$ cat entry.csv   # CSV, C-alpha atoms and all ligand atoms
chain,number,residue,atom,x,y,z
A,1,MET,CA,0.0,0.0,0.0
A,2,LYS,CA,2.9,2.3,0.9
A,3,LEU,CA,4.3,1.9,-2.6
A,4,ILE,CA,1.0,2.7,-4.2
A,5,TYR,CA,0.6,5.9,-2.2
A,6,THR,CA,4.2,6.9,-3.0
A,7,LEU,CA,3.6,6.3,-6.8
A,8,ARG,CA,0.2,8.1,-6.6
A,9,GLY,CA,1.8,11.1,-4.9
A,10,LEU,CA,4.6,11.3,-7.4
A,11,VAL,CA,2.4,11.0,-10.5
A,12,ASN,CA,0.0,13.6,-9.1
A,13,TYR,CA,2.9,15.9,-8.2
A,14,LEU,CA,4.5,15.7,-11.7
A,15,PHE,CA,1.1,16.1,-13.4
A,16,TYR,CA,0.4,19.2,-11.4
A,17,ARG,CA,3.8,20.8,-11.6
A,18,TRP,CA,4.4,20.1,-15.3
A,19,ILE,CA,0.9,20.3,-16.8
A,20,VAL,CA,-1.8,21.8,-14.5
A,21,ARG,CA,0.2,24.6,-12.8
A,22,PRO,CA,1.7,26.0,-15.9
A,23,ILE,CA,-1.8,26.4,-17.4
A,24,ILE,CA,-3.3,27.8,-14.2
A,25,PHE,CA,-0.4,30.3,-13.9
A,26,LEU,CA,-1.1,31.6,-17.4
A,27,TRP,CA,-4.3,33.3,-16.0
A,28,GLU,CA,-4.3,36.3,-13.8
A,29,ALA,CA,-4.2,35.0,-10.2
A,30,GLU,CA,-7.7,36.3,-9.3
A,31,GLU,CA,-9.2,34.8,-12.5
A,32,ALA,CA,-7.4,31.5,-11.8
A,33,HIS,CA,-8.8,31.5,-8.2
A,34,ASN,CA,-12.3,31.9,-9.6
A,35,LYS,CA,-11.8,29.3,-12.3
A,36,LEU,CA,-10.5,26.8,-9.8
A,37,LYS,CA,-13.5,27.2,-7.6
A,38,GLN,CA,-15.9,26.8,-10.6
A,39,PHE,CA,-13.9,23.7,-11.6
A,40,GLY,CA,-14.2,22.3,-8.0
A,41,LEU,CA,-18.0,22.9,-8.0
A,42,LEU,CA,-18.4,21.2,-11.4
A,43,PHE,CA,-16.3,18.2,-10.5
A,44,THR,CA,-18.1,17.5,-7.3
A,45,SER,CA,-21.6,18.1,-8.7
A,46,ASN,CA,-21.8,14.4,-9.7
A,47,PRO,CA,-20.8,11.2,-7.8
A,48,MET,CA,-18.3,10.1,-10.4
A,49,GLY,CA,-16.3,13.4,-10.0
A,50,LYS,CA,-16.3,12.9,-6.2
A,51,ARG,CA,-15.0,9.3,-6.6
A,52,ILE,CA,-12.2,10.4,-8.9
A,53,LEU,CA,-11.1,13.2,-6.5
A,54,SER,CA,-11.0,10.9,-3.5
A,55,ALA,CA,-9.2,8.1,-5.4
A,56,LEU,CA,-6.6,10.6,-6.5
A,57,PHE,CA,-6.0,12.5,-3.3
A,58,TYR,CA,-7.7,11.1,-0.2
A,59,TYR,CA,-5.4,9.7,2.6
A,60,GLN,CA,-6.1,8.8,6.2
A,61,HIS,CA,-4.3,7.1,9.1
A,62,LYS,CA,-5.4,6.6,12.7
A,63,SER,CA,-2.3,8.3,14.2
A,64,LEU,CA,-3.6,11.5,12.6
A,65,ASN,CA,-6.9,11.5,14.4
A,66,THR,CA,-7.1,14.3,16.9
A,67,VAL,CA,-9.6,15.9,19.2
A,68,VAL,CA,-9.3,19.7,19.8
A,69,ASP,CA,-11.7,21.5,22.1
A,70,GLY,CA,-14.1,18.6,21.9
A,71,ILE,CA,-14.1,18.5,18.1
A,72,LYS,CA,-12.9,15.3,16.3
A,73,TYR,CA,-10.6,15.8,13.4
A,74,ASP,CA,-9.5,12.9,11.1
A,75,ASN,CA,-6.3,14.8,10.5
A,76,PRO,CA,-4.8,18.1,11.6
A,77,ILE,CA,-4.4,19.7,8.1
A,78,GLY,CA,-7.1,22.3,7.3
A,79,LEU,CA,-7.8,24.9,4.6
A,80,SER,CA,-7.2,28.4,5.8
A,81,ALA,CA,-9.6,31.3,5.5
A,82,GLY,CA,-9.6,33.2,2.3
A,83,PHE,CA,-9.7,30.5,-0.3
A,84,ASP,CA,-13.5,29.9,0.0
A,85,LYS,CA,-14.8,33.4,0.7
A,86,ASP,CA,-18.4,32.6,-0.1
A,87,GLY,CA,-18.4,29.1,1.5
A,88,GLU,CA,-19.2,27.3,-1.7
A,89,LEU,CA,-16.9,24.2,-1.8
A,90,ALA,CA,-17.3,22.5,1.6
A,91,ASP,CA,-18.0,19.2,-0.2
A,92,VAL,CA,-14.6,19.3,-2.0
A,93,TYR,CA,-12.3,19.6,1.0
A,94,PRO,CA,-12.8,16.2,2.6
A,95,LEU,CA,-12.4,14.5,-0.8
A,96,ILE,CA,-8.9,15.8,-1.2
A,97,GLY,CA,-8.0,14.9,2.3
A,98,PHE,CA,-8.4,18.0,4.4
A,99,GLY,CA,-9.2,17.3,8.1
A,100,PHE,CA,-11.1,20.6,8.3
A,101,ALA,CA,-11.8,23.9,6.5
A,102,GLU,CA,-12.2,27.5,7.6
A,103,LEU,CA,-14.7,29.3,5.3
A,104,GLY,CA,-14.8,33.0,4.8
A,105,SER,CA,-13.9,35.5,6.1
A,106,PHE,CA,-17.6,36.4,6.1
A,107,THR,CA,-18.6,39.9,7.0
A,108,GLY,CA,-21.8,41.2,8.5
A,109,TYR,CA,-22.9,42.8,5.2
A,110,VAL,CA,-22.2,42.2,1.5
A,111,CYS,CA,-18.6,43.3,0.8
A,112,PRO,CA,-17.2,43.8,-2.7
A,113,GLY,CA,-13.7,44.1,-1.4
A,114,ASN,CA,-11.0,46.5,-2.6
A,115,PRO,CA,-11.3,48.2,-6.0
A,116,GLY,CA,-9.5,46.6,-9.0
A,117,VAL,CA,-11.6,43.4,-9.3
A,118,GLY,CA,-9.6,40.9,-11.4
A,119,ARG,CA,-6.2,42.5,-10.4
A,120,ARG,CA,-6.2,41.9,-6.6
A,121,LEU,CA,-3.9,38.9,-6.4
A,122,PHE,CA,-0.3,38.5,-7.6
A,123,ARG,CA,2.0,35.5,-7.6
A,124,LEU,CA,5.6,35.8,-6.5
A,125,VAL,CA,6.7,32.5,-7.9
A,126,LYS,CA,10.4,32.5,-6.9
A,127,SER,CA,9.4,33.8,-3.4
A,128,LYS,CA,6.7,31.1,-3.1
A,129,SER,CA,4.2,33.7,-2.1
A,130,ILE,CA,1.0,35.4,-3.1
A,131,LEU,CA,0.4,39.2,-2.7
A,132,VAL,CA,-3.2,39.5,-1.6
A,133,TRP,CA,-5.2,42.8,-2.0
A,134,TYR,CA,-8.8,41.3,-1.9
A,135,GLY,CA,-10.1,43.3,1.1
A,136,LEU,CA,-12.6,40.7,2.4
A,137,ASN,CA,-14.8,40.4,-0.7
A,138,ASN,CA,-17.7,38.0,0.1
A,139,GLN,CA,-21.5,37.8,-0.3
A,140,GLY,CA,-22.1,38.7,3.3
A,141,ALA,CA,-23.2,36.6,6.3
A,142,GLU,CA,-26.9,36.7,5.6
A,143,VAL,CA,-26.8,35.2,2.1
A,144,ILE,CA,-24.1,32.7,2.8
A,145,SER,CA,-25.6,31.5,6.1
A,146,ARG,CA,-29.0,31.0,4.4
A,147,ARG,CA,-27.3,28.9,1.8
A,148,LEU,CA,-25.4,26.8,4.3
A,149,LYS,CA,-28.2,26.5,6.9
A,150,ASP,CA,-29.2,22.9,6.4
A,151,LYS,CA,-26.0,21.6,5.0
A,152,LYS,CA,-24.4,18.5,6.5
A,153,PHE,CA,-20.6,18.9,6.6
A,154,LYS,CA,-18.3,15.8,6.4
A,155,ILE,CA,-15.5,17.5,8.3
A,156,PRO,CA,-15.3,20.3,10.9
A,157,ILE,CA,-16.0,23.7,9.4
A,158,GLY,CA,-14.6,26.9,10.9
A,159,ILE,CA,-16.6,30.1,10.4
A,160,SER,CA,-14.2,33.1,9.9
A,161,ALA,CA,-15.9,36.4,10.9
A,162,ALA,CA,-14.5,39.7,9.9
A,163,LYS,CA,-15.8,43.3,9.8
A,164,THR,CA,-17.3,44.6,6.6
A,165,ASN,CA,-14.6,46.6,4.8
A,166,ASN,CA,-16.7,49.5,3.6
A,167,SER,CA,-15.4,52.6,5.2
A,168,THR,CA,-12.1,54.4,6.0
A,169,SER,CA,-13.5,55.6,9.3
A,170,PHE,CA,-13.7,53.3,12.3
A,171,ASP,CA,-16.8,53.1,14.6
A,172,LEU,CA,-16.3,50.8,17.5
A,173,GLN,CA,-20.0,49.9,18.1
A,174,ASP,CA,-20.8,49.4,14.4
A,175,SER,CA,-17.7,47.2,14.0
A,176,ILE,CA,-18.7,45.0,17.0
A,177,ASP,CA,-22.3,44.8,15.7
A,178,ASP,CA,-20.9,43.7,12.3
A,179,TYR,CA,-18.9,40.8,13.9
A,180,LEU,CA,-21.9,39.8,16.1
A,181,LYS,CA,-24.2,39.7,13.1
A,182,THR,CA,-22.0,37.1,11.4
A,183,VAL,CA,-21.7,35.1,14.7
A,184,ARG,CA,-25.5,35.1,15.1
A,185,ASP,CA,-26.2,34.4,11.5
A,186,PHE,CA,-24.0,31.3,11.7
A,187,LYS,CA,-25.2,30.2,15.1
A,188,ASP,CA,-26.2,26.7,13.9
A,189,ILE,CA,-23.6,26.4,11.2
A,190,GLY,CA,-20.0,25.0,11.5
A,191,SER,CA,-18.0,23.7,14.4
A,192,TYR,CA,-16.0,26.8,15.5
A,193,TYR,CA,-15.6,30.5,14.9
A,194,THR,CA,-12.5,32.5,14.1
A,195,ILE,CA,-12.7,36.2,14.8
A,196,ASN,CA,-10.4,37.7,12.2
A,197,ILE,CA,-9.0,40.9,13.7
A,198,SER,CA,-6.0,40.9,11.4
A,199,CYS,CA,-6.9,41.5,7.8
A,200,PRO,CA,-4.1,43.7,6.5
A,201,ASN,CA,-6.1,45.0,3.5
A,202,THR,CA,-9.0,46.9,5.1
A,203,GLN,CA,-9.7,50.6,4.8
A,204,ASP,CA,-9.8,51.3,8.5
A,205,GLY,CA,-6.6,49.4,9.4
A,206,GLU,CA,-6.5,46.8,12.2
A,207,PRO,CA,-8.4,48.6,15.0
A,208,PHE,CA,-8.8,45.5,17.2
A,209,VAL,CA,-5.0,45.3,17.9
A,210,ASP,CA,-5.8,48.1,20.3
A,211,GLN,CA,-6.4,46.5,23.7
A,212,LYS,CA,-9.4,48.6,24.7
A,213,ASN,CA,-11.2,47.9,21.4
A,214,LEU,CA,-10.4,44.2,21.6
A,215,ASN,CA,-11.6,44.0,25.2
A,216,THR,CA,-14.9,45.6,24.2
A,217,LEU,CA,-15.3,43.3,21.2
A,218,LEU,CA,-14.6,40.2,23.3
A,219,SER,CA,-16.9,41.3,26.1
A,220,ALA,CA,-19.7,41.6,23.5
A,221,LEU,CA,-18.8,38.2,22.1
A,222,ASP,CA,-19.0,36.7,25.6
A,223,GLU,CA,-22.7,37.5,25.5
A,224,VAL,CA,-23.4,35.5,22.3
A,225,LYS,CA,-20.8,32.7,22.5
A,226,GLN,CA,-22.2,29.2,22.6
A,227,GLU,CA,-20.7,26.6,25.0
A,228,SER,CA,-20.5,24.0,22.3
A,229,LYS,CA,-18.6,26.2,19.8
A,230,PRO,CA,-15.0,27.2,20.4
A,231,VAL,CA,-14.0,30.7,19.5
A,232,TYR,CA,-10.5,31.5,18.2
A,233,VAL,CA,-8.9,34.8,17.4
A,234,LYS,CA,-6.7,35.3,14.3
A,235,LEU,CA,-3.6,37.5,14.8
A,236,ALA,CA,-1.6,39.5,12.3
A,237,ALA,CA,2.0,38.4,11.4
A,238,ASP,CA,3.7,41.7,11.9
A,239,LEU,CA,3.0,42.5,15.5
A,240,GLU,CA,5.6,43.6,18.1
A,241,GLU,CA,6.1,41.1,20.9
A,242,GLY,CA,4.4,43.5,23.4
A,243,GLU,CA,1.3,43.7,21.1
A,244,ILE,CA,1.2,39.9,20.8
A,245,ASN,CA,1.3,39.6,24.6
A,246,THR,CA,-1.4,42.2,25.1
A,247,ILE,CA,-3.7,40.5,22.6
A,248,VAL,CA,-3.0,37.0,24.0
A,249,ASP,CA,-3.5,38.1,27.6
A,250,THR,CA,-6.8,39.8,26.7
A,251,CYS,CA,-8.0,36.7,24.9
A,252,LEU,CA,-7.1,34.6,28.0
A,253,MET,CA,-9.0,37.0,30.2
A,254,HIS,CA,-12.1,36.4,28.0
A,255,LYS,CA,-11.5,32.6,28.0
A,256,ILE,CA,-11.1,32.6,24.2
A,257,ASP,CA,-10.5,29.0,23.2
A,258,GLY,CA,-7.5,29.5,20.9
A,259,LEU,CA,-5.5,31.6,18.5
A,260,VAL,CA,-4.9,31.3,14.7
A,261,LEU,CA,-1.3,32.3,14.0
A,262,THR,CA,-1.0,34.1,11.7
A,263,ASN,CA,-2.5,36.1,8.9
A,264,LEU,CA,-0.5,37.7,6.0
A,265,THR,CA,2.7,39.7,6.3
A,266,LYS,CA,3.1,43.3,5.0
A,267,PRO,CA,5.9,43.6,2.3
A,268,SER,CA,7.2,46.7,4.0
A,269,MET,CA,7.8,44.8,7.2
A,270,ASN,CA,9.3,41.6,5.7
A,271,ASN,CA,12.6,40.8,4.0
A,272,GLU,CA,11.9,37.2,3.1
A,273,TYR,CA,10.9,37.7,-0.5
A,274,LEU,CA,12.5,38.9,-3.7
A,275,LYS,CA,11.8,42.6,-4.0
A,276,GLU,CA,11.9,42.5,-7.8
A,277,GLU,CA,8.9,40.2,-7.8
A,278,LEU,CA,6.7,42.8,-6.1
A,279,VAL,CA,4.8,44.5,-8.9
A,280,PHE,CA,2.0,46.1,-6.9
A,281,ASP,CA,2.3,48.6,-4.1
A,282,LYS,CA,-0.6,47.4,-1.9
A,283,GLY,CA,-1.6,44.2,-0.2
A,284,ALA,CA,0.2,41.6,2.0
A,285,LEU,CA,2.1,38.4,1.4
A,286,SER,CA,1.3,34.7,2.1
A,287,GLY,CA,3.5,31.6,1.8
A,288,LEU,CA,7.2,31.4,2.5
A,289,PRO,CA,7.6,35.0,3.7
A,290,VAL,CA,5.2,34.2,6.6
A,291,GLN,CA,6.6,30.8,7.4
A,292,ARG,CA,9.3,31.7,9.9
A,293,ILE,CA,7.4,34.6,11.5
A,294,SER,CA,4.3,32.5,12.1
A,295,THR,CA,6.3,29.6,13.5
A,296,ASN,CA,8.1,31.9,15.9
A,297,ILE,CA,4.8,33.4,17.0
A,298,VAL,CA,3.4,29.9,17.6
A,299,ARG,CA,6.5,29.2,19.7
A,300,HIS,CA,6.1,32.4,21.7
A,301,VAL,CA,2.3,32.0,22.2
A,302,TYR,CA,2.7,28.4,23.3
A,303,GLN,CA,5.1,29.5,26.0
A,304,ARG,CA,3.0,32.5,27.0
A,305,THR,CA,-0.2,30.5,27.4
A,306,HIS,CA,1.6,27.5,28.9
A,307,GLY,CA,0.3,25.3,26.2
A,308,LYS,CA,-3.2,25.7,27.7
A,309,ILE,CA,-5.1,27.0,24.7
A,310,THR,CA,-5.5,25.8,21.2
A,311,ILE,CA,-3.1,27.1,18.6
A,312,ILE,CA,-3.8,26.8,14.8
A,313,GLY,CA,-0.5,27.3,13.0
A,314,VAL,CA,-0.7,28.8,9.5
A,315,GLY,CA,1.8,30.4,7.1
A,316,GLY,CA,4.1,28.9,4.5
A,317,VAL,CA,3.3,25.2,5.0
A,318,PHE,CA,4.4,23.4,1.8
A,319,ASN,CA,5.3,20.0,3.1
A,320,ALA,CA,5.1,17.6,6.0
A,321,ALA,CA,8.3,19.0,7.6
A,322,ASP,CA,6.8,22.5,7.6
A,323,ALA,CA,3.6,21.3,9.2
A,324,TYR,CA,5.5,19.2,11.8
A,325,GLU,CA,7.7,22.1,12.7
A,326,LYS,CA,4.6,24.1,13.6
A,327,ILE,CA,3.1,21.2,15.5
A,328,THR,CA,6.2,20.5,17.5
A,329,SER,CA,6.4,24.2,18.2
A,330,GLY,CA,3.0,24.1,19.8
A,331,ALA,CA,0.3,24.1,17.1
A,332,ASN,CA,-2.6,21.7,17.6
A,333,LEU,CA,-3.9,22.1,14.1
A,334,ILE,CA,-2.4,23.5,10.8
A,335,GLU,CA,-4.0,25.5,8.0
A,336,MET,CA,-2.8,26.3,4.6
A,337,ILE,CA,-3.6,28.0,1.2
A,338,THR,CA,-0.5,28.9,-0.7
A,339,GLY,CA,1.1,25.4,-0.4
A,340,LEU,CA,-2.1,24.1,-2.1
A,341,ILE,CA,-1.8,26.5,-5.0
A,342,PHE,CA,2.0,26.1,-5.5
A,343,GLU,CA,2.2,22.3,-4.9
A,344,GLY,CA,-1.3,21.1,-6.0
A,345,PRO,CA,-4.1,19.3,-4.2
A,346,GLN,CA,-2.1,16.1,-3.6
A,347,VAL,CA,0.0,18.1,-1.1
A,348,VAL,CA,-2.7,17.6,1.6
A,349,GLY,CA,-2.4,13.8,1.5
A,350,GLU,CA,1.3,14.0,1.1
A,351,ILE,CA,1.6,16.2,4.2
A,352,ASN,CA,-0.5,13.8,6.1
A,353,ARG,CA,1.5,10.8,4.9
A,354,GLY,CA,4.7,12.6,5.8
A,355,LEU,CA,3.3,13.4,9.3
A,356,VAL,CA,2.6,9.7,10.0
A,357,SER,CA,6.3,8.9,9.2
A,358,LEU,CA,7.6,11.9,11.3
A,359,LEU,CA,5.4,10.9,14.3
A,360,LYS,CA,6.7,7.3,14.1
A,361,LYS,CA,10.3,8.5,13.8
A,362,ASP,CA,10.0,10.5,17.0
A,363,GLY,CA,8.2,7.6,18.8
A,364,PHE,CA,4.9,9.4,19.0
A,365,ASN,CA,1.5,7.6,18.7
A,366,SER,CA,-0.6,10.7,18.0
A,367,ILE,CA,-0.5,14.3,17.0
A,368,GLU,CA,-1.4,15.3,20.6
A,369,GLU,CA,1.9,13.8,21.8
A,370,ALA,CA,3.9,15.8,19.3
A,371,VAL,CA,2.3,19.2,20.0
A,372,GLY,CA,5.0,21.4,21.5
A,373,SER,CA,7.5,18.6,21.9
A,374,ARG,CA,10.4,20.8,20.5
A,375,ASN,CA,9.4,23.8,22.5
A,376,PRO,CA,9.4,22.5,26.1
A,377,LEU,CA,7.5,24.8,28.5
A,378,LEU,CA,9.8,26.8,30.7
A,401,LIG,C1,-6.0,34.6,-1.6
A,401,LIG,C2,-5.9,34.7,-0.1
A,401,LIG,C3,-7.0,35.3,0.6
A,401,LIG,C4,-7.0,35.4,2.0
A,401,LIG,N1,-8.1,35.9,2.6
A,401,LIG,C5,-8.2,35.8,4.0
A,401,LIG,C6,-9.4,36.0,4.7
A,401,LIG,O1,-10.5,36.4,4.1
A,401,LIG,N2,-9.4,35.9,6.0
A,401,LIG,C7,-8.3,35.5,6.7
A,401,LIG,O2,-8.4,35.4,8.0
A,401,LIG,N3,-7.2,35.2,6.1
A,401,LIG,C8,-7.1,35.3,4.8
A,401,LIG,N4,-5.9,35.0,4.1
A,401,LIG,C9,-4.8,34.6,4.9
A,401,LIG,C10,-4.7,33.1,5.0
A,401,LIG,O3,-5.8,32.5,5.7
A,401,LIG,C11,-3.4,32.7,5.7
A,401,LIG,O4,-3.4,33.2,7.1
A,401,LIG,C12,-2.1,33.2,5.0
A,401,LIG,O5,-2.3,33.1,3.6
A,401,LIG,C13,-0.9,32.3,5.4
A,401,LIG,O6,-1.1,31.0,5.0
A,401,LIG,P1,-0.5,30.3,3.7
A,401,LIG,O7,1.0,30.7,3.6
A,401,LIG,O8,-0.6,28.9,3.8
A,401,LIG,O9,-1.2,30.9,2.5
A,401,LIG,C14,-5.9,34.9,2.7
A,401,LIG,C15,-4.8,34.4,2.0
A,401,LIG,C16,-4.8,34.3,0.7
A,401,LIG,C17,-3.6,33.7,0.0
$ encode --input "entry.csv" --output "C-alpha cells"
Amino acid sequence: MKLIYTLRGLVNYLFYRWIVRPIIFLWEAEEAHNKLKQFGLLFTSNPMGKRILSALFYYQHKSLNTVVDGIKYDNPIGLSAGFDKDGELADVYPLIGFGFAELGSFTGYVCPGNPGVGRRLFRLVKSKSILVWYGLNNQGAEVISRRLKDKKFKIPIGISAAKTNNSTSFDLQDSIDDYLKTVRDFKDIGSYYTINISCPNTQDGEPFVDQKNLNTLLSALDEVKQESKPVYVKLAADLEEGEINTIVDTCLMHKIDGLVLTNLTKPSMNNEYLKEELVFDKGALSGLPVQRISTNIVRHVYQRTHGKITIIGVGGVFNAADAYEKITSGANLIEMITGLIFEGPQVVGEINRGLVSLLKKDGFNSIEEAVGSRNPLL
C-alpha cells in the first residue's frame, strides 16, 4: 500500500507541476482563483467526480486523528480562511483529504472588497508567495448562512468572521455589531468560529489590535458565545512582541479557546521575499515569507499560554516538515492555502502521509503527543 501511495503522490505531483500549474499560472491570479472554484464545483456536482477526486487524493491514518476543544478531526491539516470566501466548496475539501476547512472570512454585510476586481492577487513564484489585495470580498453573512443553513458537513468547518470593509473611518460599536451579526447568522452552522482581527487589507486598518477595542469586542462576544462552539482569534503576522502579549492576555482573560497564528505579512515589514517580484504597491504576502514569522509566533504564544489554549498554525506550509515544525512548536492544528496553490491538491495527502512517518520516527503515537515537543514549557 505504501508503494501505491508513493507512486500516486509522485504522479500527481508531476502532473500538477508540469501540466496543470503552468496552465493555471497563465491566467491572472484572481481569475485563476475563480476558475479553480468553478472547476471544483463542477467536478463535485456528480458522484463520479467525487469518486475520482477521492481516489486521486484522499489519505487517512489513525495516528492523525485528533480531538481539539471537543471536536474530532480525522487529520490536523485544514484549509485556511480566504480561499473559499463565499463558502461554496465545503464538499470538496474532505475528498482531497483536508481534516477541516475554515470558510470566509464572512462579513456582516455584502462586501465587494477592494477596488480593482480581477487584479487583486499577484503571484511571486520564486518567493513562493501570493500578494493579496482582496479586502474581504464576500456575499455577506446573511446570504451565505442562508445557503449553508441545512448543510451537513463531512469535516469540521470553521466560520471566519471579519468586519465589513466598507469605510475608512472606524466606529467601535458598528464594527462590533458587524462581527456579532456574522456570529449570530452562523449560530447553527459550523464547528468553531474564528474572529479575524488581522486583515491587513482593510480601509480602516486593524483597530482591534488596540487592547481597549479588543476588550470591548470580546466582552460583546462573551454574551453571544455558545458553550458548544469554540471561538478562536486570528492574529496578524507583523505585531511587536508587546502587542502579541497584550492580545494573548486579553484573549485569555475572556476565555477565548484558541488563536490562529497568523495572517499575511506586509511587504514593508518583511525581508523574506525577492523585492523585484513585487509588482503592486498594496496588499500583503502569504506563503514562504510568513513561514518563519508564524512559527516563531506559535513558539512564543505556546510558552506565553503554557500550552493551555488551542493554537492553529498557519503560514508557509508546503510539506510535512513545515507542518511538523509548527506542531512540535505548539500548534494543535495546521492551516494552509499557498502550499495548495503552488504544490497542488495532492499536497494535503502527502503532508498527512509525511506526518505519519515523522510521528513514528520520533516515537509518538498521536498528533497530541507531538504538540509542543520541540518547545518545552519553561
Ligand atoms: C488569496 C488569499 C485570501 C485570503 N483571505 C483571507 C481572509 O479572508 N481571512 C483570513 O483570515 N485570512 C485570509 N488569508 C490569509 C490566510 O488565511 C493565511 O493566514 C495566510 O495566507 C498564510 O497561510 P499560507 O501561507 O498557507 O497561505 C488569505 C490568504 C490568501 C492567499
$ residues_near_ligand --input "entry.csv" --ligand "ligand LIG 401 (chain A)" --cutoff "6 Å" --atoms "all atoms listed in the file" --output "JSON, numbers by chain"
{"A": [80, 81, 82, 83, 104, 105, 130, 132, 136, 196, 262, 263, 264, 286, 287, 314, 315, 316, 317, 336, 337, 338, 339]}
$ atom_distance --input "entry.csv" --atom1 "CA of Gly99 (chain A)" --atom2 "CA of Arg123 (chain A)"
26.5 Å
$ residues_near_point --input "entry.csv" --point "(-7.6, 31.8, 21.3)" --cutoff "8 Å" --atoms "only C-alpha atoms" --output "PDB file with C-alpha atoms, keeping the file's coordinate frame"
ATOM      1  CA  VAL A 231     -14.000  30.700  19.500  1.00  0.00           C
ATOM      2  CA  TYR A 232     -10.500  31.500  18.200  1.00  0.00           C
ATOM      3  CA  VAL A 233      -8.900  34.800  17.400  1.00  0.00           C
ATOM      4  CA  LYS A 234      -6.700  35.300  14.300  1.00  0.00           C
ATOM      5  CA  VAL A 248      -3.000  37.000  24.000  1.00  0.00           C
ATOM      6  CA  CYS A 251      -8.000  36.700  24.900  1.00  0.00           C
ATOM      7  CA  LEU A 252      -7.100  34.600  28.000  1.00  0.00           C
ATOM      8  CA  LYS A 255     -11.500  32.600  28.000  1.00  0.00           C
ATOM      9  CA  ILE A 256     -11.100  32.600  24.200  1.00  0.00           C
ATOM     10  CA  ASP A 257     -10.500  29.000  23.200  1.00  0.00           C
ATOM     11  CA  GLY A 258      -7.500  29.500  20.900  1.00  0.00           C
ATOM     12  CA  LEU A 259      -5.500  31.600  18.500  1.00  0.00           C
ATOM     13  CA  VAL A 260      -4.900  31.300  14.700  1.00  0.00           C
ATOM     14  CA  ILE A 309      -5.100  27.000  24.700  1.00  0.00           C
ATOM     15  CA  THR A 310      -5.500  25.800  21.200  1.00  0.00           C
ATOM     16  CA  ILE A 311      -3.100  27.100  18.600  1.00  0.00           C
TER      17      ILE A 311
END
$ residues_around --input "entry.csv" --residues "Gly118 (chain A)" --least-positions-apart "2" --cutoff "12 Å" --atoms "all atoms listed in the file" --output "PDB file with C-alpha atoms, in the coordinates of the input"
ATOM      1  CA  TRP A  27      -4.300  33.300 -16.000  1.00  0.00           C
ATOM      2  CA  GLU A  28      -4.300  36.300 -13.800  1.00  0.00           C
ATOM      3  CA  ALA A  29      -4.200  35.000 -10.200  1.00  0.00           C
ATOM      4  CA  GLU A  30      -7.700  36.300  -9.300  1.00  0.00           C
ATOM      5  CA  GLU A  31      -9.200  34.800 -12.500  1.00  0.00           C
ATOM      6  CA  ALA A  32      -7.400  31.500 -11.800  1.00  0.00           C
ATOM      7  CA  HIS A  33      -8.800  31.500  -8.200  1.00  0.00           C
ATOM      8  CA  ASN A  34     -12.300  31.900  -9.600  1.00  0.00           C
ATOM      9  CA  LYS A  35     -11.800  29.300 -12.300  1.00  0.00           C
ATOM     10  CA  PRO A 112     -17.200  43.800  -2.700  1.00  0.00           C
ATOM     11  CA  GLY A 113     -13.700  44.100  -1.400  1.00  0.00           C
ATOM     12  CA  ASN A 114     -11.000  46.500  -2.600  1.00  0.00           C
ATOM     13  CA  PRO A 115     -11.300  48.200  -6.000  1.00  0.00           C
ATOM     14  CA  GLY A 116      -9.500  46.600  -9.000  1.00  0.00           C
ATOM     15  CA  ARG A 120      -6.200  41.900  -6.600  1.00  0.00           C
ATOM     16  CA  LEU A 121      -3.900  38.900  -6.400  1.00  0.00           C
ATOM     17  CA  PHE A 122      -0.300  38.500  -7.600  1.00  0.00           C
ATOM     18  CA  VAL A 132      -3.200  39.500  -1.600  1.00  0.00           C
ATOM     19  CA  TRP A 133      -5.200  42.800  -2.000  1.00  0.00           C
ATOM     20  CA  TYR A 134      -8.800  41.300  -1.900  1.00  0.00           C
ATOM     21  CA  ASN A 137     -14.800  40.400  -0.700  1.00  0.00           C
TER      22      ASN A 137
END
$ atom_distance --input "entry.csv" --atom1 "CA of Asn375 (chain A)" --atom2 "CA of Lys360 (chain A)"
18.7 Å
$ atom_distance --input "entry.csv" --atom1 "CA of Gly190 (chain A)" --atom2 "CA of Glu335 (chain A)"
16.4 Å
$ closest_atom_pairs --input "entry.csv" --of "region 36-105 of chain A" --to "region 140-147 of chain A" --cutoff "12 Å" --atoms "only C-alpha atoms" --output "tab-separated table"
residue	atom	partner	partner_atom	distance
A:Asp84	CA	A:Ile144	CA	11.3
A:Lys85	CA	A:Gly140	CA	9.4
A:Asp86	CA	A:Ile144	CA	6.4
A:Gly87	CA	A:Ile144	CA	6.9
A:Glu88	CA	A:Ile144	CA	8.6
A:Leu89	CA	A:Arg147	CA	12.0
A:Ala90	CA	A:Arg147	CA	11.9
A:Leu103	CA	A:Ile144	CA	10.3
A:Gly104	CA	A:Ala141	CA	9.3
A:Ser105	CA	A:Gly140	CA	9.2
$ closest_residue --input "entry.csv" --among "A:Thr164, A:Ser129, A:Asn352, A:Val68" --to "Ile312 (chain A)" --atoms "all atoms listed in the file"
A:Val68
$ closest_residue --input "entry.csv" --among "A:Gly344, A:Pro156, A:Pro230, A:Gly313" --to "Thr194 (chain A)" --atoms "only C-alpha atoms"
A:Pro230
$ residues_around --input "entry.csv" --residues "Gly330 (chain A)" --least-positions-apart "4" --cutoff "8 Å" --atoms "all atoms listed in the file" --output "NGL selection string"
:A and (298-299 or 302 or 307 or 311 or 326 or 371-373 or 375)
$ residues_around --input "entry.csv" --residues "region 51-65 of chain A" --least-positions-apart "6" --cutoff "6 Å" --atoms "all atoms listed in the file" --output "ChimeraX atom specification"
/A:73-75,95-97,346,349,365-366
